There are 2 protein chains.
Amino acid sequence: MKEYSVVGNSVADIHGIAKATGSADYTDDLVLPRMLCGAILRSPLPHAAILNIDTSAAERLPGVKAVITGKDVLGRKIGLYRRSADQYPLAVDKVRYIGDEVAAVAAIDEDTAQEALDLIKVHYDELPAVFDPTEAMKEGAPNIHDAERNISHRTSMDFGDVEQGFKEADYVREDRFTNGAQVHATMEPHVALASYDPSGKLTMWMPNMSPFVKRRLLSRVLDMPESNIRVCRSYIGGAFGGKSMLFSLDFSAALLSIRTGRPVKITYTREEVFTCVQKRHPFIIELKTGVKKDGTLIARECRAITDNGAYNYTGPLAIYLCCSALYKTYRCPNIKYEGVCVYTNRMPSSAMRGHGKISMRFADDSQLDIIAEELGIDPVDMRLKNARQQGDVLPDTSKVISCGLSECIEKTAHSAGWKEKRGKLPPNRGIGISCTHGQTAQNIGPLSSSAAFIKFNEDGKATLITGAVDNGQHTETMLAQIAAEELGLPVEDIRVTAGDSDTTPTDVGSFTMALTFVTGNAVKAAAADAKRQLLEIAAERLEAKAAALEARDGRVYLRENRDKGMSFAEVVMAGLIKGVPILGKGYYMTDTEYLNIWTGMGKSVPTYSFAAQVAEVEVDTETGQVTIPETSAAVDCGFAINPLDVEGQIESSVAMSQGWTLSEEFFYDQGQMLNPSFLEYKMPLSVNVPRIKPIIVESIDPQGPFGAKDAGEVPVHTGPAAIANAIYDAIGVRIKDIPITPDKILRALREKEASER
Amino acid sequence: MKEYSVVGNSVADIHGIAKATGSADYTDDLVLPRMLCGAILRSPLPHAAILNIDTSAAERLPGVKAVITGKDVLGRKIGLYRRSADQYPLAVDKVRYIGDEVAAVAAIDEDTAQEALDLIKVHYDELPAVFDPTEAMKEGAPNIHDAERNISHRTSMDFGDVEQGFKEADYVREDRFTNGAQVHATMEPHVALASYDPSGKLTMWMPNMSPFVKRRLLSRVLDMPESNIRVCRSYIGGAFGGKSMLFSLDFSAALLSIRTGRPVKITYTREEVFTCVQKRHPFIIELKTGVKKDGTLIARECRAITDNGAYNYTGPLAIYLCCSALYKTYRCPNIKYEGVCVYTNRMPSSAMRGHGKISMRFADDSQLDIIAEELGIDPVDMRLKNARQQGDVLPDTSKVISCGLSECIEKTAHSAGWKEKRGKLPPNRGIGISCTHGQTAQNIGPLSSSAAFIKFNEDGKATLITGAVDNGQHTETMLAQIAAEELGLPVEDIRVTAGDSDTTPTDVGSFTMALTFVTGNAVKAAAADAKRQLLEIAAERLEAKAAALEARDGRVYLRENRDKGMSFAEVVMAGLIKGVPILGKGYYMTDTEYLNIWTGMGKSVPTYSFAAQVAEVEVDTETGQVTIPETSAAVDCGFAINPLDVEGQIESSVAMSQGWTLSEEFFYDQGQMLNPSFLEYKMPLSVNVPRIKPIIVESIDPQGPFGAKDAGEVPVHTGPAAIANAIYDAIGVRIKDIPITPDKILRALREKEASER
């Protein structure tokens, strides 16, 4: 492997101290001259026609500067795709869930804004509501959006010959797996600050996963050209997919600022984040699998239903991704999938780390263990037998260019002591494995490419200008490493200016596990371009050929005579003096096609990452409480540009999937979410998180920057089935419904006892 | 002349509405979380040793977060050139003028900061002071800086053979001209907001004339690499040269922020701006001129002294520029110049619109009228005879590439009705002319080049990324016009992001009349680069050669078949879909050498602009009051990219030079400035300003963007002598000391009467 100076080494986050000391300014910290406070009025009913909204009393309240309602929404809807857009930023004619946005106010302070909300009178005509997707699909169910049987989107795939496959199977198994919602639980709530200036320019600060995507969505909904909208960088306190879309508060802050000519900030309360933003998609997955005697998968048929909630958001994507997770981790020649997104009168679902895929990976790897047991095959061997390998061509026509899945399986099994522990642990302790793939840099539309600039300063250090955003995953540090490596500078000598739709070039954003791969390549190209210019100027000064020069540690010198050289600062000044500033430009786009959301066919993914996890659990059979003493989690990220961060991603993935698997749950009563606080919504605390043994597998992808693919999302998929399988190994009960809470364990234990009696 | 769609048309400032409605945020409007208020303690003495500073009481005051003094200045001095740097940002060991900065505090609010200043005890040992440059040069004068005879810099030039020239002259004349100071009187006072983050990055907002120059000066004085400093854009309320240097408040805000880890803002009071920032250089000019009988200039010898004040700032540049103004407007083969900058115990002088040159233009064009009268030559003819012409090679080796001086003279004379009025006006009314050149884009160092990026957005509009700053001269509008013209877009479709040392590429700044010429060319190049990319993508889509395409009004089409085409937005999307964002890059540097500040020799100026003005005055011989009913002012700016702005520059130049010539004056008592307010310092009001007839002369410089040179500064030079000459024409008295206040007029009238009696 090539020797690198910067990439491949662990580097602390360049913003770490600012964040740890509290000097990092998040959007809610920002104050603009003449800024107003905005607030949003929400529906108290799950489904109702709006007969009339009387805002006159609110408008008369001193200190209130503007009130907007559905009448002000310009007839344009929010949606990831134009086709699936189905939500006005403020409700028009009817509300569809408890929390649906009805009106927004801007006032001189928070108290006045809240008082104004109380003065708005909305006359509703309540309609029958439905909260369960299977109920919603039934004949005569309440009609939420004029969609037939409330189905908003359908993805169908049919590869090979499933009927024939099942005929050839030695063993066929059918199971039903279900899962609930999960909140992103970012430390920073959703917030938007908008400032409209009279030249027609709207400037916004808000947590986001791509300023360019936010700009595009705002442009559509506000009917304003992209060029008139600027989304600025601010520190972002977590996203996990939950800050990717346009929200009512983004739109409302913008429109209120346009109305008042003053900046307007809206910050959601924690309760609003829980009840009115978005959550992970609940799924019902019916999975039928046929295998040969030796464990080889031969046919799979699946029906998946997801609860979209009241609006579409990323539902169509979720139902596709769920399907992709069925056939990409393990080989299987015959696949049939039918997935539907169904509207209900609950808060909308949307993208969350592991989007759609995690549900299928739970189902698939749970069922694989059931089958392995039936066939008497060790779960690790079962996985190694079916695991994807480099060179595989997938049914959708994409290719597995690099693949460390088997290595992930072997290394986690080894790290966890699989052979020593499986079947040999003390009572109520068990060990389980699960695997997954990740879809690196899936092409989901015209904003799937990245560009970057590199600018040398007079001190010989460089500024990287990138549209990438850092939601907490240390994006800027990782990109600085790539630039530093390529330029021949220490990483401290790279300054990053990032995530601003005006001042930085287009960027793919923190979606679709694309950032390292796509933006990383763009930054590498920009750095190579800058270095070429640097060497050209140096060559002239050193009277040598550029090809004979080497750049390292901020110095350019003759490869054959290291003493003959000059510092980068001297080269930069030499360039400036003759009017040639060093300005590198680079861009990158994967060699892919747009994702076809209805079938998934086509090469929309350039390469795949992989992961495996072996979890060890202990179950308290008295209380039903599950603890995880230890887990070994491996990820094939291609190449770890910053191993510290890859390990961090593994650790946070383990914790996040642990929460979803064991404790995090949305309780509803007639569409009213009942536990909207961190007191009542049970996330793992640091003391609950297992000892995590992170393992980095490097398959060196030939397309990735220095071989890198991605690491951020994929380990999250492996938690649920690894834990569920370990629970089965520990106490012999199989729970197919996430979260696996103590009550479900106890009930299952009682049923097991009853059946054994 | 080529036909243009955008350039050459008057366009209203893109920030006009924001400024007029008060929504534009200037630095003092900005508020950052945890921001502190800073204030500066100043010397009450003109010259004193600092024996001791006791800050303990101030430090103990609740709410005070930091106090800094000369002990904290890192041993580094402020200066335009490293060699001439002579001022610590806070005084070390001694103070040299009343207002000299001694200490700075940061506190939770302004009152606390002011109270803290009162608690700082400084023990001074007063030293003898000197306030007059000629006194300061005398043996035994107080020693301000250990400079011999208090002379800080000397510029000498000697072209041709002056002795021989005077021998050949038919007439020789010697005069002494003097002028006082002038304050820039920007509506926005000096202000700095600094925010240091724990990663070591210092972010600053302050009015400036180039974020890159500010960054470089801060880097030197704070001993911090340039890459660690960011100077951001904010709206700027005027500069006129007065915001070009580093000031104590910039440094103090920065150091206080570093100390406290919190943002610190310091805003000067109007009194501080008057007494402690900088002012125009007072000059004493002794000018000897020899002419042939026909008026041809044959020899000139000049001795100039400028009052530097207590510190150097741009003094060395001023004394060079004064000299350049002696031999560049009019031809003369033999020139000798000796100029000195002299320290005094008054507030420092620095760059101001017309820097150094205006003093010489007043002297030269006043003396020319005296000579013309002696020789019986009409002043207009006298100027036409000696005026520079295209193709001239100047003594410093630079060339006159394009020249509209004669046209300026003729057009102003015609516009003013010279022939009809000269000698024919009613009593006490007179008419006078004056001329000048401007040194477009003089190369004063490594920051003399500009670069720019152009970025296309999905809507087909473009964002221009430039480091240029807009001090009120509508820079961004002018550059948007250049980009629009080159790209084939209407000007409204260009969005500008400007003036930020991190997010924008290097820029020459609003100095040396370089912005239109240098940045304009860089923007034009960036736009051409972007357009090339646009045409390439369109060519592929339209199945045509790029060369066969035309881009206009946001549409690309076949030149031969205009119906076959596509919108820019479609081209941009086509590029994005294949991963090719359109990103143009351009840079420009004049083909020049560095200015040699000691001799002025070398081609440091790529081209020259020219101007002439004919002013008509009326003198009230009872009160000595001069009014200017009308003035015709012409500028050869090469090409008027935005005629509205060129006219605005002419008008504001007329007003500014009128103020300096007739009323603006600094009154001192022992180094104490006595009139530091707009009540006591008399600037012309709008009712005092004459009817101005602006004339644009376009000589189309082959190097300039669309032929443009510059317009911002040069008309200011022509006011003083035109007015003085008109006064002489009106009442027969010649005032050689600026400002020409009523008392000087009355005294001269009395002397004239006495001599005539």
# chains A, B, ... in the order shown; residues from 1 in each chain; ligands from 1

call {"tool": "interface_residues", "arguments": {"of": "chain B", "to": "chain A", "cutoff": "7 Å", "atoms": "only C-alpha atoms", "output": "ChimeraX atom specification"}}
result
/B:14-15,17-18,23,29-33,197-199,225-227,446-447,449,457-459,461,465,495,497,502-503,573,576-577,579,588-589

call {"tool": "closest_residue", "arguments": {"among": "A:Tyr320, A:Tyr171, A:Tyr235, A:Phe247", "to": "Pro207 (chain A)", "atoms": "only C-alpha atoms"}}
result
A:Tyr235

call {"tool": "residues_around", "arguments": {"residues": "region 179-184 of chain B", "least_positions_apart": "3", "cutoff": "7 Å", "atoms": "only C-alpha atoms", "output": "PyMOL selection string"}}
result
chain B and resi 240+242+274+279-284+352+359+660+664-666+737-739

call {"tool": "write_last_selection", "arguments": {"atoms": "N, CA, C and O atoms", "output": "CSV table (one decimal), in the first residue's frame"}}
result
chain,number,residue,atom,x,y,z
B,240,PHE,N,-12.5,56.3,1.0
B,240,PHE,CA,-11.7,57.4,0.4
B,240,PHE,C,-10.3,57.3,0.8
B,240,PHE,O,-9.6,58.4,1.0
B,242,GLY,N,-9.2,56.2,3.6
B,242,GLY,CA,-9.0,56.3,5.0
B,242,GLY,C,-9.2,55.1,5.8
B,242,GLY,O,-9.1,55.1,7.0
B,274,PHE,N,-12.0,62.1,14.0
B,274,PHE,CA,-11.4,63.4,13.7
B,274,PHE,C,-10.0,63.5,14.2
B,274,PHE,O,-9.1,64.0,13.6
B,279,LYS,N,-5.5,61.7,8.4
B,279,LYS,CA,-6.0,62.8,7.6
B,279,LYS,C,-5.2,62.9,6.4
B,279,LYS,O,-4.2,62.3,6.2
B,280,ARG,N,-5.6,63.8,5.5
B,280,ARG,CA,-4.8,64.0,4.2
B,280,ARG,C,-3.5,64.7,4.6
B,280,ARG,O,-3.4,65.5,5.5
B,281,HIS,N,-2.5,64.4,3.8
B,281,HIS,CA,-1.1,65.0,4.1
B,281,HIS,C,-1.1,66.5,3.8
B,281,HIS,O,-1.3,66.9,2.7
B,282,PRO,N,-0.7,67.3,4.8
B,282,PRO,CA,-0.4,68.7,4.5
B,282,PRO,C,0.9,68.7,3.8
B,282,PRO,O,1.8,68.0,4.0
B,283,PHE,N,1.0,69.7,2.8
B,283,PHE,CA,2.2,69.8,2.0
B,283,PHE,C,2.7,71.2,1.9
B,283,PHE,O,1.9,72.2,2.0
B,284,ILE,N,4.0,71.3,1.8
B,284,ILE,CA,4.7,72.6,1.4
B,284,ILE,C,5.4,72.3,0.1
B,284,ILE,O,6.2,71.4,0.1
B,352,MET,N,-5.5,59.6,1.2
B,352,MET,CA,-6.9,60.1,1.0
B,352,MET,C,-7.0,60.3,-0.5
B,352,MET,O,-6.0,60.8,-1.2
B,359,SER,N,-2.0,67.8,-4.0
B,359,SER,CA,-1.3,69.0,-3.6
B,359,SER,C,-0.4,69.5,-4.7
B,359,SER,O,-0.3,70.7,-5.0
B,660,TRP,N,-12.1,70.8,0.5
B,660,TRP,CA,-10.7,70.9,0.8
B,660,TRP,C,-10.2,72.3,0.4
B,660,TRP,O,-9.4,72.9,1.1
B,664,GLU,N,-12.6,73.2,4.5
B,664,GLU,CA,-12.2,72.2,5.5
B,664,GLU,C,-10.9,72.5,6.1
B,664,GLU,O,-9.9,72.7,5.3
B,665,GLU,N,-10.8,72.5,7.4
B,665,GLU,CA,-9.6,72.9,8.0
B,665,GLU,C,-9.4,72.3,9.4
B,665,GLU,O,-10.4,72.2,10.1
B,666,PHE,N,-8.2,71.9,9.7
B,666,PHE,CA,-7.9,71.4,11.0
B,666,PHE,C,-7.3,72.5,11.9
B,666,PHE,O,-6.3,73.0,11.5
B,737,ASP,N,-2.5,79.0,-0.7
B,737,ASP,CA,-2.5,78.2,0.5
B,737,ASP,C,-4.0,77.7,0.7
B,737,ASP,O,-4.9,78.5,0.9
B,738,ILE,N,-4.1,76.4,0.7
B,738,ILE,CA,-5.4,75.7,0.8
B,738,ILE,C,-5.6,75.4,2.3
B,738,ILE,O,-4.7,75.0,3.0
B,739,PRO,N,-6.8,75.6,2.9
B,739,PRO,CA,-8.0,76.1,2.2
B,739,PRO,C,-8.0,77.6,1.9
B,739,PRO,O,-7.5,78.3,2.7

call {"tool": "residues_around", "arguments": {"residues": "Val277 (chain B)", "least_positions_apart": "4", "cutoff": "12 Å", "atoms": "only C-alpha atoms", "output": "ChimeraX atom specification"}}
result
/B:42,97-101,182-186,189-191,241-250,268-273,309-311,313,346-351,673,676

call {"tool": "write_last_selection", "arguments": {"atoms": "N, CA and C atoms", "output": "short mmCIF file (atom, residue, chain, number, x, y, z; two decimals), in the first residue's frame"}}
result
data_model
loop_
_atom_site.label_atom_id
_atom_site.label_comp_id
_atom_site.auth_asym_id
_atom_site.auth_seq_id
_atom_site.Cartn_x
_atom_site.Cartn_y
_atom_site.Cartn_z
N ARG B 42 -6.29 56.92 25.35
CA ARG B 42 -5.44 57.71 24.46
C ARG B 42 -4.57 58.69 25.24
N TYR B 97 1.62 61.77 19.93
CA TYR B 97 0.62 62.79 19.57
C TYR B 97 -0.57 62.66 20.52
N ILE B 98 -1.35 63.69 20.59
CA ILE B 98 -2.54 63.67 21.45
C ILE B 98 -3.57 62.76 20.80
N GLY B 99 -3.81 61.62 21.42
CA GLY B 99 -4.69 60.63 20.82
C GLY B 99 -3.97 59.31 20.60
N ASP B 100 -2.66 59.33 20.76
CA ASP B 100 -1.88 58.11 20.59
C ASP B 100 -2.46 57.03 21.51
N GLU B 101 -2.55 55.79 21.00
CA GLU B 101 -3.21 54.71 21.73
C GLU B 101 -2.29 54.14 22.81
N GLN B 182 -7.18 67.26 5.62
CA GLN B 182 -8.60 67.06 5.33
C GLN B 182 -8.99 65.71 5.91
N VAL B 183 -10.13 65.64 6.52
CA VAL B 183 -10.58 64.36 7.06
C VAL B 183 -11.42 63.66 6.00
N HIS B 184 -11.37 62.34 6.00
CA HIS B 184 -12.12 61.57 5.00
C HIS B 184 -13.63 61.75 5.20
N ALA B 185 -14.00 61.96 6.48
CA ALA B 185 -15.41 62.21 6.81
C ALA B 185 -16.35 61.15 6.28
N THR B 186 -15.94 59.90 6.42
CA THR B 186 -16.85 58.82 6.02
C THR B 186 -18.02 58.81 6.99
N PRO B 189 -18.01 55.55 11.03
CA PRO B 189 -16.74 55.71 11.72
C PRO B 189 -15.92 54.42 11.64
N HIS B 190 -14.68 54.47 12.07
CA HIS B 190 -13.86 53.27 12.10
C HIS B 190 -14.38 52.33 13.18
N VAL B 191 -14.40 51.07 12.86
CA VAL B 191 -14.96 50.07 13.77
C VAL B 191 -14.31 48.73 13.44
N GLY B 241 -9.78 56.13 0.96
CA GLY B 241 -8.38 55.94 1.33
C GLY B 241 -8.18 55.81 2.82
N GLY B 242 -9.16 56.24 3.59
CA GLY B 242 -8.98 56.34 5.03
C GLY B 242 -9.21 55.06 5.80
N LYS B 243 -9.50 53.98 5.08
CA LYS B 243 -9.68 52.72 5.78
C LYS B 243 -8.75 51.66 5.22
N SER B 244 -7.63 52.14 4.67
CA SER B 244 -6.73 51.21 4.00
C SER B 244 -5.73 50.57 4.94
N MET B 245 -5.34 51.29 5.98
CA MET B 245 -4.26 50.79 6.83
C MET B 245 -4.81 49.94 7.96
N LEU B 246 -3.90 49.41 8.77
CA LEU B 246 -4.28 48.76 10.01
C LEU B 246 -4.34 49.84 11.08
N PHE B 247 -5.37 49.77 11.90
CA PHE B 247 -5.51 50.76 12.97
C PHE B 247 -5.40 50.08 14.32
N SER B 248 -5.15 50.90 15.31
CA SER B 248 -5.06 50.36 16.65
C SER B 248 -6.30 49.58 17.01
N LEU B 249 -7.46 50.04 16.56
CA LEU B 249 -8.68 49.33 16.96
C LEU B 249 -8.78 47.96 16.33
N ASP B 250 -8.25 47.79 15.12
CA ASP B 250 -8.25 46.46 14.51
C ASP B 250 -7.42 45.50 15.36
N TYR B 268 -15.17 53.59 17.00
CA TYR B 268 -14.67 54.92 17.34
C TYR B 268 -15.81 55.93 17.36
N THR B 269 -15.67 56.89 18.25
CA THR B 269 -16.60 58.01 18.22
C THR B 269 -16.21 58.93 17.06
N ARG B 270 -17.10 59.83 16.71
CA ARG B 270 -16.76 60.77 15.64
C ARG B 270 -15.54 61.60 16.04
N GLU B 271 -15.46 61.95 17.32
CA GLU B 271 -14.31 62.72 17.79
C GLU B 271 -13.01 61.93 17.60
N GLU B 272 -13.05 60.65 17.89
CA GLU B 272 -11.85 59.83 17.67
C GLU B 272 -11.47 59.80 16.19
N VAL B 273 -12.50 59.69 15.33
CA VAL B 273 -12.20 59.66 13.89
C VAL B 273 -11.49 60.96 13.48
N GLY B 309 2.92 63.72 10.38
CA GLY B 309 2.35 63.48 11.70
C GLY B 309 3.27 62.55 12.47
N ALA B 310 2.70 61.93 13.49
CA ALA B 310 3.52 61.18 14.43
C ALA B 310 4.04 59.85 13.89
N TYR B 311 3.41 59.33 12.86
CA TYR B 311 3.83 58.03 12.34
C TYR B 311 3.78 58.03 10.83
N TYR B 313 2.73 55.71 8.32
CA TYR B 313 1.62 55.26 7.47
C TYR B 313 2.03 55.32 5.99
N ARG B 346 1.81 65.59 15.59
CA ARG B 346 0.39 65.71 15.29
C ARG B 346 -0.13 64.34 14.84
N MET B 347 -1.42 64.22 14.73
CA MET B 347 -1.98 62.92 14.33
C MET B 347 -1.43 62.53 12.96
N PRO B 348 -1.27 61.27 12.72
CA PRO B 348 -0.65 60.84 11.47
C PRO B 348 -1.49 61.21 10.25
N SER B 349 -0.78 61.43 9.17
CA SER B 349 -1.44 61.61 7.87
C SER B 349 -1.46 60.26 7.17
N SER B 350 -2.40 60.15 6.24
CA SER B 350 -2.40 58.90 5.46
C SER B 350 -3.12 59.10 4.14
N ALA B 351 -3.33 57.98 3.46
CA ALA B 351 -3.91 58.05 2.12
C ALA B 351 -5.29 58.68 2.15
N MET B 673 -6.25 68.94 18.35
CA MET B 673 -7.18 69.31 17.29
C MET B 673 -8.42 69.92 17.94
N PRO B 676 -13.20 68.85 16.30
CA PRO B 676 -13.46 67.46 15.89
C PRO B 676 -14.94 67.11 15.80
#

call {"tool": "atom_distance", "arguments": {"atom1": "CA of Pro629 (chain A)", "atom2": "CA of Arg429 (chain A)"}}
result
9.7 Å

call {"tool": "select_by_dssp", "arguments": {"residues": "region 403-578 of chain B", "states": "strand (DSSP E or B)", "output": "NGL selection string"}}
result
:B and (429-440 or 450-456 or 462-466 or 494-498 or 549-552 or 555-558 or 561-567)

call {"tool": "write_last_selection", "arguments": {"atoms": "N, CA and C atoms", "output": "short mmCIF file (atom, residue, chain, number, x, y, z; two decimals), in the first residue's frame"}}
result
data_model
loop_
_atom_site.label_atom_id
_atom_site.label_comp_id
_atom_site.auth_asym_id
_atom_site.auth_seq_id
_atom_site.Cartn_x
_atom_site.Cartn_y
_atom_site.Cartn_z
N ARG B 429 -16.81 87.63 -10.69
CA ARG B 429 -17.01 86.28 -11.20
C ARG B 429 -15.83 85.91 -12.07
N GLY B 430 -15.46 84.63 -11.99
CA GLY B 430 -14.30 84.21 -12.76
C GLY B 430 -14.42 82.76 -13.16
N ILE B 431 -13.52 82.38 -14.04
CA ILE B 431 -13.53 81.01 -14.55
C ILE B 431 -12.09 80.52 -14.60
N GLY B 432 -11.90 79.25 -14.20
CA GLY B 432 -10.54 78.72 -14.17
C GLY B 432 -10.51 77.26 -14.55
N ILE B 433 -9.37 76.84 -15.02
CA ILE B 433 -9.22 75.46 -15.49
C ILE B 433 -8.08 74.78 -14.74
N SER B 434 -8.20 73.47 -14.66
CA SER B 434 -7.12 72.67 -14.10
C SER B 434 -7.19 71.28 -14.71
N CYS B 435 -6.04 70.62 -14.77
CA CYS B 435 -5.97 69.29 -15.38
C CYS B 435 -5.24 68.32 -14.48
N THR B 436 -5.34 67.07 -14.84
CA THR B 436 -4.56 66.07 -14.11
C THR B 436 -4.51 64.76 -14.88
N HIS B 437 -3.65 63.89 -14.40
CA HIS B 437 -3.65 62.49 -14.85
C HIS B 437 -3.95 61.65 -13.61
N GLY B 438 -4.28 60.40 -13.84
CA GLY B 438 -4.41 59.43 -12.75
C GLY B 438 -3.53 58.25 -13.06
N GLN B 439 -2.99 57.64 -12.01
CA GLN B 439 -2.09 56.49 -12.23
C GLN B 439 -2.88 55.20 -12.06
N THR B 440 -3.49 54.76 -13.13
CA THR B 440 -4.31 53.57 -13.08
C THR B 440 -3.50 52.35 -12.64
N SER B 450 -5.52 40.53 -9.14
CA SER B 450 -6.86 40.09 -8.73
C SER B 450 -7.19 38.78 -9.41
N ALA B 451 -8.04 38.01 -8.74
CA ALA B 451 -8.59 36.80 -9.34
C ALA B 451 -10.08 36.79 -9.08
N ALA B 452 -10.79 35.96 -9.80
CA ALA B 452 -12.25 35.88 -9.61
C ALA B 452 -12.74 34.51 -10.03
N PHE B 453 -13.84 34.11 -9.43
CA PHE B 453 -14.54 32.89 -9.83
C PHE B 453 -15.94 33.27 -10.33
N ILE B 454 -16.42 32.51 -11.27
CA ILE B 454 -17.81 32.61 -11.69
C ILE B 454 -18.42 31.23 -11.53
N LYS B 455 -19.59 31.19 -10.91
CA LYS B 455 -20.23 29.93 -10.59
C LYS B 455 -21.65 29.99 -11.14
N PHE B 456 -21.99 29.07 -12.00
CA PHE B 456 -23.38 29.06 -12.50
C PHE B 456 -24.29 28.30 -11.54
N ALA B 462 -25.76 33.48 -12.60
CA ALA B 462 -24.38 33.22 -12.18
C ALA B 462 -24.04 34.00 -10.91
N THR B 463 -23.16 33.41 -10.13
CA THR B 463 -22.63 34.08 -8.95
C THR B 463 -21.17 34.44 -9.23
N LEU B 464 -20.88 35.70 -9.03
CA LEU B 464 -19.50 36.17 -9.17
C LEU B 464 -18.86 36.17 -7.79
N ILE B 465 -17.72 35.52 -7.68
CA ILE B 465 -17.00 35.47 -6.41
C ILE B 465 -15.72 36.29 -6.57
N THR B 466 -15.68 37.41 -5.90
CA THR B 466 -14.55 38.33 -6.06
C THR B 466 -14.11 38.86 -4.70
N ILE B 494 -26.73 38.39 -12.28
CA ILE B 494 -25.43 38.16 -11.64
C ILE B 494 -25.57 38.48 -10.16
N ARG B 495 -25.26 37.50 -9.33
CA ARG B 495 -25.21 37.72 -7.89
C ARG B 495 -23.75 37.81 -7.50
N VAL B 496 -23.45 38.73 -6.62
CA VAL B 496 -22.05 38.95 -6.28
C VAL B 496 -21.79 38.54 -4.84
N THR B 497 -20.76 37.77 -4.63
CA THR B 497 -20.30 37.52 -3.27
C THR B 497 -18.86 38.01 -3.26
N ALA B 498 -18.57 38.91 -2.32
CA ALA B 498 -17.35 39.71 -2.46
C ALA B 498 -16.65 39.96 -1.15
N LEU B 549 -21.77 28.74 -31.75
CA LEU B 549 -22.83 29.15 -30.83
C LEU B 549 -22.68 30.59 -30.37
N GLU B 550 -23.79 31.15 -29.99
CA GLU B 550 -23.79 32.49 -29.40
C GLU B 550 -24.57 32.43 -28.10
N ALA B 551 -24.11 33.20 -27.11
CA ALA B 551 -24.82 33.24 -25.82
C ALA B 551 -25.26 34.66 -25.57
N ARG B 552 -26.53 34.82 -25.33
CA ARG B 552 -27.07 36.16 -25.12
C ARG B 552 -28.39 36.08 -24.37
N ARG B 555 -29.50 32.70 -23.05
CA ARG B 555 -29.82 31.62 -23.98
C ARG B 555 -28.63 31.35 -24.89
N VAL B 556 -28.37 30.08 -25.15
CA VAL B 556 -27.34 29.69 -26.11
C VAL B 556 -28.04 29.19 -27.36
N TYR B 557 -27.56 29.66 -28.50
CA TYR B 557 -28.22 29.22 -29.74
C TYR B 557 -27.21 29.23 -30.88
N LEU B 558 -27.60 28.58 -31.95
CA LEU B 558 -26.75 28.56 -33.14
C LEU B 558 -26.79 29.93 -33.80
N ASN B 561 -28.83 29.73 -36.77
CA ASN B 561 -30.22 29.30 -36.65
C ASN B 561 -30.66 29.56 -35.21
N ARG B 562 -31.12 30.75 -34.98
CA ARG B 562 -31.38 31.21 -33.61
C ARG B 562 -32.46 30.40 -32.90
N ASP B 563 -33.28 29.71 -33.67
CA ASP B 563 -34.34 28.93 -33.02
C ASP B 563 -33.80 27.69 -32.35
N LYS B 564 -32.66 27.23 -32.84
CA LYS B 564 -32.07 26.04 -32.24
C LYS B 564 -31.18 26.47 -31.08
N GLY B 565 -31.67 26.26 -29.88
CA GLY B 565 -30.89 26.69 -28.73
C GLY B 565 -31.45 26.14 -27.45
N MET B 566 -30.86 26.56 -26.36
CA MET B 566 -31.35 26.15 -25.04
C MET B 566 -31.02 27.26 -24.03
N SER B 567 -31.80 27.27 -22.95
CA SER B 567 -31.56 28.30 -21.93
C SER B 567 -30.30 27.97 -21.14
#

call {"tool": "select_by_dssp", "arguments": {"residues": "region 335-575 of chain A", "states": "helix (DSSP H, G or I)", "output": "ChimeraX atom specification"}}
result
/A:357-375,379-386,405-416,418-421,475-487,491-493,515-542,546-548,568-575

call {"tool": "atom_distance", "arguments": {"atom1": "CA of Ile68 (chain A)", "atom2": "CA of Ala107 (chain A)"}}
result
12.0 Å

call {"tool": "residues_around", "arguments": {"residues": "Pro720 (chain B)", "least_positions_apart": "4", "cutoff": "7 Å", "atoms": "only C-alpha atoms", "output": "list in words"}}
result
Phe362, Ser657, Gln658, Thr661 and Ala724 of chain B
